[in-house]
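Participant: Please find structure_17.pdb (PDB, C-alpha atoms and all ligand atoms) on the next line:
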MODEL        1
ATOM      1  CA  MET J1472      13.796 108.108-176.583
ATOM      2  CA  ASN J1473      13.369 111.115-174.394
ATOM      3  CA  SER J1474      16.655 112.972-174.609
ATOM      4  CA  SER J1475      16.590 116.749-174.940
ATOM      5  CA  ARG J1476      20.220 116.550-176.098
ATOM      6  CA  ILE J1477      19.341 114.244-179.019
ATOM      7  CA  GLN J1478      16.289 116.357-179.852
ATOM      8  CA  LYS J1479      18.382 119.547-179.919
ATOM      9  CA  ILE J1480      20.979 117.906-182.180
ATOM     10  CA  ALA J1481      18.158 116.795-184.498
ATOM     11  CA  SER J1482      16.665 120.299-184.587
ATOM     12  CA  LEU J1483      19.940 121.743-185.906
ATOM     13  CA  ILE J1484      20.154 119.436-188.937
ATOM     14  CA  THR J1485      18.993 120.898-192.245
ATOM     15  CA  LYS J1486      15.675 119.258-193.096
ATOM     16  CA  ASP J1487      15.741 116.332-195.523
ATOM     17  CA  ASN J1488      19.528 116.176-195.689
ATOM     18  CA  ILE J1489      21.044 112.701-195.881
ATOM     19  CA  VAL J1490      22.654 112.342-192.450
ATOM     20  CA  ILE J1491      25.536 110.185-191.309
ATOM     21  CA  ASP J1492      25.444 109.638-187.542
ATOM     22  CA  ILE J1493      28.894 108.502-186.432
ATOM     23  CA  GLY J1494      28.987 106.556-183.180
ATOM     24  CA  THR J1495      25.232 106.016-183.321
ATOM     25  CA  ASP J1496      25.203 103.681-180.295
ATOM     26  CA  HIS J1497      21.495 102.775-179.841
ATOM     27  CA  ALA J1498      20.531 104.580-183.094
ATOM     28  CA  TYR J1499      18.346 106.980-181.106
ATOM     29  CA  LEU J1500      19.168 109.986-183.306
ATOM     30  CA  PRO J1501      18.414 108.237-186.660
ATOM     31  CA  ILE J1502      15.170 106.798-185.286
ATOM     32  CA  TYR J1503      14.102 110.209-183.964
ATOM     33  CA  LEU J1504      14.967 111.954-187.240
ATOM     34  CA  ILE J1505      12.830 109.556-189.258
ATOM     35  CA  THR J1506       9.890 108.942-186.942
ATOM     36  CA  LYS J1507       9.485 112.484-185.586
ATOM     37  CA  LEU J1508      11.018 114.828-188.164
ATOM     38  CA  GLY J1509      10.248 112.994-191.408
ATOM     39  CA  PHE J1510      13.817 112.432-192.630
ATOM     40  CA  ASN J1511      14.093 109.764-195.308
ATOM     41  CA  LYS J1512      17.530 108.235-195.209
ATOM     42  CA  ILE J1513      20.140 108.007-192.470
ATOM     43  CA  ILE J1514      23.512 106.282-192.408
ATOM     44  CA  ALA J1515      24.368 105.096-188.900
ATOM     45  CA  THR J1516      27.851 103.902-188.003
ATOM     46  CA  ASP J1517      29.623 102.652-184.926
ATOM     47  CA  ILE J1518      33.052 101.190-184.270
ATOM     48  CA  SER J1519      31.585  98.536-181.979
ATOM     49  CA  GLN J1520      29.836  95.501-183.455
ATOM     50  CA  ASN J1521      28.391  94.780-180.049
ATOM     51  CA  VAL J1522      26.776  98.208-179.718
ATOM     52  CA  LEU J1523      25.316  97.858-183.210
ATOM     53  CA  LYS J1524      23.375  94.745-182.179
ATOM     54  CA  GLN J1525      21.213  96.953-179.950
ATOM     55  CA  ALA J1526      20.978  99.600-182.691
ATOM     56  CA  ILE J1527      19.741  96.964-185.160
ATOM     57  CA  ALA J1528      17.191  95.662-182.638
ATOM     58  CA  ASN J1529      15.872  99.212-182.132
ATOM     59  CA  ILE J1530      15.697  99.841-185.881
ATOM     60  CA  GLN J1531      13.772  96.604-186.376
ATOM     61  CA  LYS J1532      11.377  97.529-183.574
ATOM     62  CA  TYR J1533      10.375 100.642-185.543
ATOM     63  CA  HIS J1534      10.484  98.802-188.936
ATOM     64  CA  LEU J1535      13.071 101.260-190.256
ATOM     65  CA  GLU J1536      15.434  98.749-191.902
ATOM     66  CA  GLY J1537      14.787 100.348-195.309
ATOM     67  CA  LYS J1538      15.637 103.860-194.139
ATOM     68  CA  ILE J1539      18.607 103.450-191.795
ATOM     69  CA  LYS J1540      21.745 101.896-193.225
ATOM     70  CA  ILE J1541      24.180 100.539-190.652
ATOM     71  CA  TYR J1542      27.973 100.300-190.949
ATOM     72  CA  CYS J1543      30.467  98.948-188.446
ATOM     73  CA  THR J1544      33.531 101.114-189.031
ATOM     74  CA  ASP J1545      35.935 103.604-187.506
ATOM     75  CA  GLY J1546      34.504 107.068-188.155
ATOM     76  CA  LEU J1547      34.081 107.831-191.845
ATOM     77  CA  LYS J1548      36.412 105.106-193.084
ATOM     78  CA  ASN J1549      35.050 102.793-195.834
ATOM     79  CA  ILE J1550      31.850 104.774-196.300
ATOM     80  CA  ASN J1551      31.242 105.116-200.020
ATOM     81  CA  GLU J1552      27.900 106.870-199.864
ATOM     82  CA  LYS J1553      26.760 110.421-200.372
ATOM     83  CA  TYR J1554      25.766 112.375-197.262
ATOM     84  CA  ASP J1555      24.922 116.035-196.581
ATOM     85  CA  THR J1556      25.322 116.243-192.795
ATOM     86  CA  ILE J1557      27.835 114.570-190.505
ATOM     87  CA  VAL J1558      26.808 114.228-186.849
ATOM     88  CA  ILE J1559      29.341 113.272-184.185
ATOM     89  CA  ALA J1560      27.980 113.406-180.643
ATOM     90  CA  GLY J1561      28.969 112.058-177.261
ATOM     91  CA  MET J1562      32.680 111.679-177.997
ATOM     92  CA  GLY J1563      35.802 113.582-176.975
ATOM     93  CA  THR J1564      37.430 116.300-179.067
ATOM     94  CA  ASN J1565      40.468 114.184-179.970
ATOM     95  CA  THR J1566      38.296 111.365-181.345
ATOM     96  CA  ILE J1567      36.194 113.899-183.283
ATOM     97  CA  LYS J1568      39.335 115.471-184.771
ATOM     98  CA  ASN J1569      40.653 112.048-185.787
ATOM     99  CA  ILE J1570      37.380 111.084-187.435
ATOM    100  CA  LEU J1571      37.095 114.339-189.402
ATOM    101  CA  SER J1572      40.745 114.184-190.489
ATOM    102  CA  ASN J1573      40.275 110.704-191.947
ATOM    103  CA  GLY J1574      37.221 110.826-194.125
ATOM    104  CA  SER J1575      35.392 112.631-196.812
ATOM    105  CA  LEU J1576      33.620 115.720-195.474
ATOM    106  CA  CYS J1577      30.457 117.569-196.477
ATOM    107  CA  LYS J1578      28.888 121.024-196.207
ATOM    108  CA  GLU J1579      27.237 120.571-192.796
ATOM    109  CA  ILE J1580      28.712 119.130-189.598
ATOM    110  CA  ILE J1581      27.008 118.966-186.188
ATOM    111  CA  LEU J1582      29.262 118.285-183.211
ATOM    112  CA  GLN J1583      28.672 117.622-179.537
ATOM    113  CA  SER J1584      31.978 117.021-177.845
ATOM    114  CA  ASN J1585      32.285 115.925-174.233
ATOM    115  CA  ASN J1586      35.441 117.955-173.593
ATOM    116  CA  GLU J1587      37.979 120.556-174.806
ATOM    117  CA  LEU J1588      35.565 122.826-176.665
ATOM    118  CA  PRO J1589      38.073 125.658-177.297
ATOM    119  CA  ASN J1590      40.397 123.105-178.905
ATOM    120  CA  LEU J1591      37.531 121.830-181.081
ATOM    121  CA  ARG J1592      36.460 125.348-182.143
ATOM    122  CA  LEU J1593      40.028 126.229-183.162
ATOM    123  CA  PHE J1594      40.414 122.966-185.067
ATOM    124  CA  MET J1595      37.187 123.524-186.996
ATOM    125  CA  GLN J1596      38.173 127.119-187.840
ATOM    126  CA  ASP J1597      41.516 125.883-189.234
ATOM    127  CA  PHE J1598      39.702 123.052-190.986
ATOM    128  CA  GLY J1599      37.593 125.537-192.987
ATOM    129  CA  TYR J1600      34.280 125.415-191.118
ATOM    130  CA  LYS J1601      32.335 128.287-189.578
ATOM    131  CA  ILE J1602      29.897 128.205-186.694
ATOM    132  CA  ILE J1603      26.288 128.649-187.790
ATOM    133  CA  LYS J1604      24.738 128.105-184.379
ATOM    134  CA  GLU J1605      25.628 126.918-180.889
ATOM    135  CA  GLU J1606      23.104 125.596-178.399
ATOM    136  CA  VAL J1607      23.444 124.488-174.794
ATOM    137  CA  VAL J1608      21.295 121.740-173.300
ATOM    138  CA  LEU J1609      21.058 120.755-169.647
ATOM    139  CA  GLU J1610      20.223 117.067-169.306
ATOM    140  CA  LYS J1611      20.297 115.112-166.068
ATOM    141  CA  GLY J1612      22.344 117.835-164.390
ATOM    142  CA  LYS J1613      24.971 117.977-167.136
ATOM    143  CA  TYR J1614      25.531 120.714-169.733
ATOM    144  CA  TYR J1615      26.074 119.803-173.378
ATOM    145  CA  VAL J1616      27.204 122.257-176.054
ATOM    146  CA  ILE J1617      26.075 121.432-179.583
ATOM    147  CA  ILE J1618      27.716 123.255-182.497
ATOM    148  CA  LYS J1619      26.376 123.466-186.037
ATOM    149  CA  TYR J1620      29.017 124.106-188.713
ATOM    150  CA  HIS J1621      28.910 124.910-192.385
ATOM    151  CA  GLU J1622      31.823 124.921-194.741
ATOM    152  CA  GLY J1623      33.339 128.421-194.747
ATOM    153  CA  LYS J1624      35.899 130.753-193.293
ATOM    154  CA  GLU J1625      35.668 132.759-190.066
ATOM    155  CA  LYS J1626      38.004 134.378-187.564
ATOM    156  CA  LEU J1627      36.951 133.496-184.054
ATOM    157  CA  SER J1628      37.524 135.979-181.210
ATOM    158  CA  TYR J1629      38.875 134.988-177.778
ATOM    159  CA  GLU J1630      35.256 134.992-176.524
ATOM    160  CA  ASP J1631      34.040 132.832-179.437
ATOM    161  CA  ILE J1632      36.784 130.276-178.777
ATOM    162  CA  TYR J1633      36.569 130.057-174.991
ATOM    163  CA  PHE J1634      32.941 130.912-174.219
ATOM    164  CA  GLY J1635      31.159 129.970-177.454
ATOM    165  CA  LYS J1636      28.557 131.749-179.548
ATOM    166  CA  HIS J1637      25.503 130.516-177.654
ATOM    167  CA  ARG J1638      25.122 133.250-174.938
ATOM    168  CA  ASN J1639      23.675 130.779-172.431
ATOM    169  CA  LYS J1640      24.080 132.716-169.194
ATOM    170  CA  GLU J1641      23.464 129.765-166.841
ATOM    171  CA  TYR J1642      26.055 127.595-168.523
ATOM    172  CA  LEU J1643      28.595 130.437-168.607
ATOM    173  CA  THR J1644      28.010 131.085-164.901
ATOM    174  CA  TYR J1645      28.594 127.375-164.272
ATOM    175  CA  LEU J1646      31.861 127.656-166.283
ATOM    176  CA  PHE J1647      32.847 130.739-164.280
ATOM    177  CA  ASN J1648      32.346 128.938-160.958
ATOM    178  CA  LYS J1649      34.223 125.859-162.170
ATOM    179  CA  LYS J1650      37.190 127.911-163.397
ATOM    180  CA  SER J1651      37.157 130.040-160.217
ATOM    181  CA  LYS J1652      37.667 126.875-158.158
ATOM    182  CA  GLU J1653      40.525 125.882-160.459
ATOM    183  CA  TYR J1654      42.032 129.364-160.006
ATOM    184  CA  SER J1655      41.781 129.188-156.206
ATOM    185  CA  LEU J1656      43.984 126.061-156.338
ATOM    186  CA  ASN J1657      46.326 127.273-159.046
ATOM    187  CA  LYS J1658      46.749 131.018-159.523
ATOM    188  CA  ARG J1659      47.734 130.865-163.202
ATOM    189  CA  ASN J1660      47.743 134.145-165.083
ATOM    190  CA  ASP J1661      45.885 132.725-168.099
ATOM    191  CA  LEU J1662      43.078 131.595-165.758
ATOM    192  CA  LYS J1663      42.925 135.068-164.223
ATOM    193  CA  ILE J1664      42.561 136.658-167.672
ATOM    194  CA  TYR J1665      39.954 134.023-168.613
ATOM    195  CA  LEU J1666      37.906 134.767-165.488
ATOM    196  CA  GLU J1667      38.085 138.554-165.951
ATOM    197  CA  LYS J1668      36.972 138.273-169.574
ATOM    198  CA  LEU J1669      34.237 135.753-168.734
ATOM    199  CA  GLU J1670      32.853 137.959-165.969
ATOM    200  CA  ARG J1671      32.625 140.954-168.335
ATOM    201  CA  PHE J1672      31.106 138.717-171.041
ATOM    202  CA  ILE J1673      28.394 137.379-168.708
ATOM    203  CA  GLU J1674      27.515 140.888-167.480
ATOM    204  CA  LYS J1675      26.687 141.950-171.034
ATOM    205  CA  ILE J1676      24.187 139.110-171.617
ATOM    206  CA  PRO J1677      20.612 140.178-170.830
ATOM    207  CA  ASP J1678      18.633 138.027-168.323
TER     208      ASP J1678
HETATM  209  C1  LIG X   1      28.884 107.876-175.680
HETATM  210  S1  LIG X   1      28.355 107.083-177.119
HETATM  211  C2  LIG X   1      27.427 108.377-177.889
HETATM  212  C3  LIG X   1      26.287 107.833-178.675
HETATM  213  C4  LIG X   1      25.471 108.861-179.444
HETATM  214  N1  LIG X   1      26.216 109.423-180.543
HETATM  215  C5  LIG X   1      24.951 109.936-178.542
HETATM  216  O1  LIG X   1      25.352 111.079-178.695
HETATM  217  O2  LIG X   1      24.131 109.627-177.654
HETATM  218  C6  LIG X   1      29.781 106.992-178.152
HETATM  219  C7  LIG X   1      29.645 105.964-179.256
HETATM  220  O3  LIG X   1      30.661 106.219-180.223
HETATM  221  C8  LIG X   1      31.230 104.999-180.632
HETATM  222  N2  LIG X   1      32.569 105.313-181.157
HETATM  223  C9  LIG X   1      33.673 105.653-180.457
HETATM  224  N3  LIG X   1      34.706 105.898-181.293
HETATM  225  C10 LIG X   1      34.231 105.730-182.552
HETATM  226  C11 LIG X   1      34.797 105.818-183.838
HETATM  227  N4  LIG X   1      36.087 106.153-184.033
HETATM  228  N5  LIG X   1      34.019 105.575-184.922
HETATM  229  C12 LIG X   1      32.719 105.228-184.761
HETATM  230  N6  LIG X   1      32.133 105.091-183.558
HETATM  231  C13 LIG X   1      32.873 105.353-182.462
HETATM  232  C14 LIG X   1      31.176 104.111-179.394
HETATM  233  O4  LIG X   1      31.219 102.735-179.722
HETATM  234  C15 LIG X   1      29.828 104.536-178.772
HETATM  235  O5  LIG X   1      28.767 103.749-179.242
ENDMDL
END
Mind turning this structure into structure tokens?
Facilitator:
Amino acid sequence: MNSSRIQKIASLITKDNIVIDIGTDHAYLPIYLITKLGFNKIIATDISQNVLKQAIANIQKYHLEGKIKIYCTDGLKNINEKYDTIVIAGMGTNTIKNILSNGSLCKEIILQSNNELPNLRLFMQDFGYKIIKEEVVLEKGKYYVIIKYHEGKEKLSYEDIYFGKHRNKEYLTYLFNKKSKEYSLNKRNDLKIYLEKLERFIEKIPD
């Protein structure tokens, strides 16, 4: 497993917490947490029985059957175990919102959504979680934003919601160029305001 995205997600999890990795796929994150970072117990779930066959094979390869508990389920449903950190990565914001709305939550949540980040940030604010840290990773030419949450209240600004708290200048410049193209095709006023604010925001970030 050589994914800087997975490694960054792992680095944001509070050490020794019991983690539930939802949508574990190949179980790369649980295996990395145990073999490289010394975590002791991980719960790994996926909605697909088929996908879990590969996860189980990987877990067996590393002899981690005693440390990684597998469930085939939708999100957090039917999980009657204690956990300290929920990780949901590689899914869309709507799926993430559905999963979090239908399960028992905990103090720490780490999210990596593939789309609609402003929507996710607003949802989490309303849900009673505050951003502890945001990180951006570039992997195979694609940017990923990873957000660490703890239970708590906060009032996000326009910039927090639309640009994030990470201050990654390269990613924000990429966003600016993407939105500029959108604006050249569709001269919406909200896009104009977004671009003006983003330009000022980027200027203030030191190189
Ligand atoms: C793109 S993969 C991401 C895998 C891994 N989390 C990562 O970040 O590399 C998405 C995984 O989530 C699973 N999944 C999708 N919806 C789910 C749900 N509601 N509950 C649990 N797993 C789900 C899929 O079966 C798939 O294995």
Participant: How many Å separate CA of Ile1489 (chain J) from CA of Asn1521 (chain J)?
Facilitator: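 Spanning CA of Ile1489 (chain J) to CA of Asn1521 (chain J) is a straight-line distance of 25.0 Å.
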Participant: Run the PyMOL selection byres (((chain J and resi 1671) around 12) and not hetatm) mentally over the shown coordinates, then write out the matched residues as a list in words, using the chain letters and numbers from the document.
Facilitator: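 For this structure, the PyMOL selection byres (((chain J and resi 1671) around 12) and not hetatm) captures Glu1630, Phe1634, Lys1640, Leu1643, Thr1644, Phe1647, Ile1664, Tyr1665, Leu1666, Glu1667, Lys1668, Leu1669, Glu1670, Phe1672, Ile1673, Glu1674, Lys1675 and Ile1676 of chain J.
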Participant: Could you state the separation of CA of Phe1598 (chain J) and CA of Asp1631 (chain J) in Å, given to one decimal place?
Facilitator: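 For CA of Phe1598 (chain J) relative to CA of Asp1631 (chain J), the distance reads 16.2 Å.
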Participant: Please indicate the distance in Å from CA of Asp1545 (chain J) to CA of Ile1477 (chain J), rounded to one decimal place.
Facilitator: 21.5 Å
Participant: Can I get the residues close to ligand LIG 1 (chain X) as a PyMOL selection string, where close means within 8 Å and we count only C-alpha atoms and all ligand atoms?
Facilitator: chain J and resi 1476-1477+1492-1500+1516-1519+1522-1523+1543-1547+1558-1562+1566-1567+1569-1570+1583
Participant: Just say which residues the PyMOL selection byres (((chain J and resi 1575) around 12) and not hetatm) picks in this file, as a count of residues only.
Facilitator: 22
